[in-house]
Structure formats: structure tokens, C-alpha cells
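Below is one structure; the comments refer to it alone.
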Amino acid sequence: MEKVIFMICIPAFLALITFQRVEGCTCLRDSLINLYKKSDFVFIGKLVNKTVENTIDGEPDPNADTNYVVQVFKVYKNGNLLSGTVDIRTPGIVSLCGIDLDVDKEYIFNGMETMSTEGDPTLAITDCNMMLHFPITQQMLGFVQDSLEALQFIEANFVTTS
């Protein structure tokens, strides 16, 4: 009898753990040229501040949007949006496609210009549209700059819009 109960409980347990709720980003990675073309802005900058919109008992809410303050170094696309420092928003990490970046590190920032709930233009990045998900080191900087200049040249001279 114990063996029968055991044989029934194991599949039931496996079914329960199989059907647990899973949250995550489900976008396919795109080519660099397509990510560049789809972006409203592209620049190299340094993340100088990071704040989470909401807190729960003094701790950051993992579902809340994260706001980044970024010092702009070199603009490759849509310079009219970018100068000095800019504010960029990303969805909460637990929610779909937010991206967690480290303060005092340099990144390629690229993404979309959206409208805030107040109707103000807002720069937004997600895991799906970031060209490079890790910080740029000094050893990488020349290669990254050359690559972005090549993408800038390709888009300006060879890419047609339909």
C-alpha cells in the first residue's frame, strides 16, 4: 500500500513543480545592425546613479521600474536627445525585460524614446534592445567605438527605409 501511495505522490509532486509560475524576458536576440536601426538613440556613457521607483519595507521593489542617470560621453545616434546627463528608465528586473546595470561603469546605451504617463519624452532600455549587456572596459573601448562608427556609417549610407 505504501508503494502505491508513493507511486501516486511522486508524479503529482513533479506535476506541481513543473507548472509553477515563471516570469522572464522572452525576446530573441537580434543582429547589431538591426538593434542599431531599431534604436531611437545610441551612445556611450557612464552610469552615475540608479534608483528604484518603489520600495517595500525600505528594500527596492523588484517589480518597480529602475531609473538610471547616465553621463553621456559620445553620441552615435540622435544627439538631439542627448547631452550632459540623461535619465533612462528600464522595467523592474522581475518584470519582463528589465536590465540591471552597475553604477560607475561605462556601457553602450541604446533604446527607445517613449512617453511618460505625464506625456514627457522618456528614454527607455530593455534587455531585448541592449546591444551590449556588460560594461565596456578600457581594452574594449577602441573596438566598441570603431564598431559603432561602422554601424553609423552603414545606416547612413546603405540602409533604406520602406
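In the C-alpha cells, the first chain shown is A, the next is B, and so on; residue numbers restart at 1 for each chain, and ligands run from 1 in the order shown.
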Distance query A:Val75 at most 10 Å, only C-alpha atoms, self and fewer than 6 positions along chain excluded, as a short mmCIF file (atom, residue, chain, number, x, y, z; two decimals) with N, CA, C and O atoms, in the first residue's frame:
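Printed below is selection_11.cif as written:
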data_model
loop_
_atom_site.label_atom_id
_atom_site.label_comp_id
_atom_site.auth_asym_id
_atom_site.auth_seq_id
_atom_site.Cartn_x
_atom_site.Cartn_y
_atom_site.Cartn_z
N PHE A 41 18.05 56.02 -29.98
CA PHE A 41 19.29 56.66 -29.53
C PHE A 41 20.36 55.60 -29.32
O PHE A 41 20.06 54.45 -29.00
N VAL A 42 21.62 55.99 -29.53
CA VAL A 42 22.77 55.13 -29.27
C VAL A 42 23.90 56.04 -28.78
O VAL A 42 24.22 57.03 -29.44
N PHE A 43 24.47 55.70 -27.62
CA PHE A 43 25.61 56.47 -27.12
C PHE A 43 26.41 55.65 -26.12
O PHE A 43 25.93 54.66 -25.59
N ILE A 44 27.63 56.09 -25.90
CA ILE A 44 28.46 55.52 -24.83
C ILE A 44 28.36 56.47 -23.65
O ILE A 44 28.47 57.69 -23.81
N GLY A 45 28.13 55.93 -22.47
CA GLY A 45 28.01 56.76 -21.29
C GLY A 45 28.35 56.00 -20.03
O GLY A 45 28.53 54.78 -20.04
N LEU A 81 18.57 64.25 -28.51
CA LEU A 81 18.01 63.75 -27.24
C LEU A 81 19.04 63.76 -26.12
O LEU A 81 18.68 63.61 -24.96
N LEU A 82 20.31 63.89 -26.46
CA LEU A 82 21.37 63.54 -25.52
C LEU A 82 22.40 64.64 -25.34
O LEU A 82 23.01 65.06 -26.31
N SER A 83 22.59 65.05 -24.11
CA SER A 83 23.71 65.94 -23.78
C SER A 83 23.87 65.95 -22.27
O SER A 83 22.90 65.78 -21.53
N ILE A 108 27.32 50.82 -23.59
CA ILE A 108 26.64 51.33 -24.77
C ILE A 108 25.17 51.40 -24.38
O ILE A 108 24.58 50.38 -24.02
N PHE A 109 24.60 52.58 -24.44
CA PHE A 109 23.18 52.74 -24.15
C PHE A 109 22.45 52.92 -25.47
O PHE A 109 22.81 53.80 -26.27
N LEU A 148 30.70 50.98 -33.50
CA LEU A 148 29.56 51.90 -33.54
C LEU A 148 29.67 52.88 -34.70
O LEU A 148 28.67 53.21 -35.35
#
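For the choices A:Tyr76, A:Val69, A:Ile56, A:Asp61, the atom-to-atom distance to A:Phe153 is smallest for A:Tyr76 when using only C-alpha atoms.
The space between atom CA of A:Leu47 and atom CA of A:Thr117 spans 24.0 Å.
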* Structure fact -> Min atom-atom distance to A:Asn78 from the set A:Asn34, A:Ser39, A:Gln145, A:Met131, counting only C-alpha atoms, belongs to A:Ser39
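Considering only C-alpha atoms, the residue among A:Gly142, A:Pro135, A:Gly58, A:Pro121 positioned nearest to A:Asp87 is A:Pro121.
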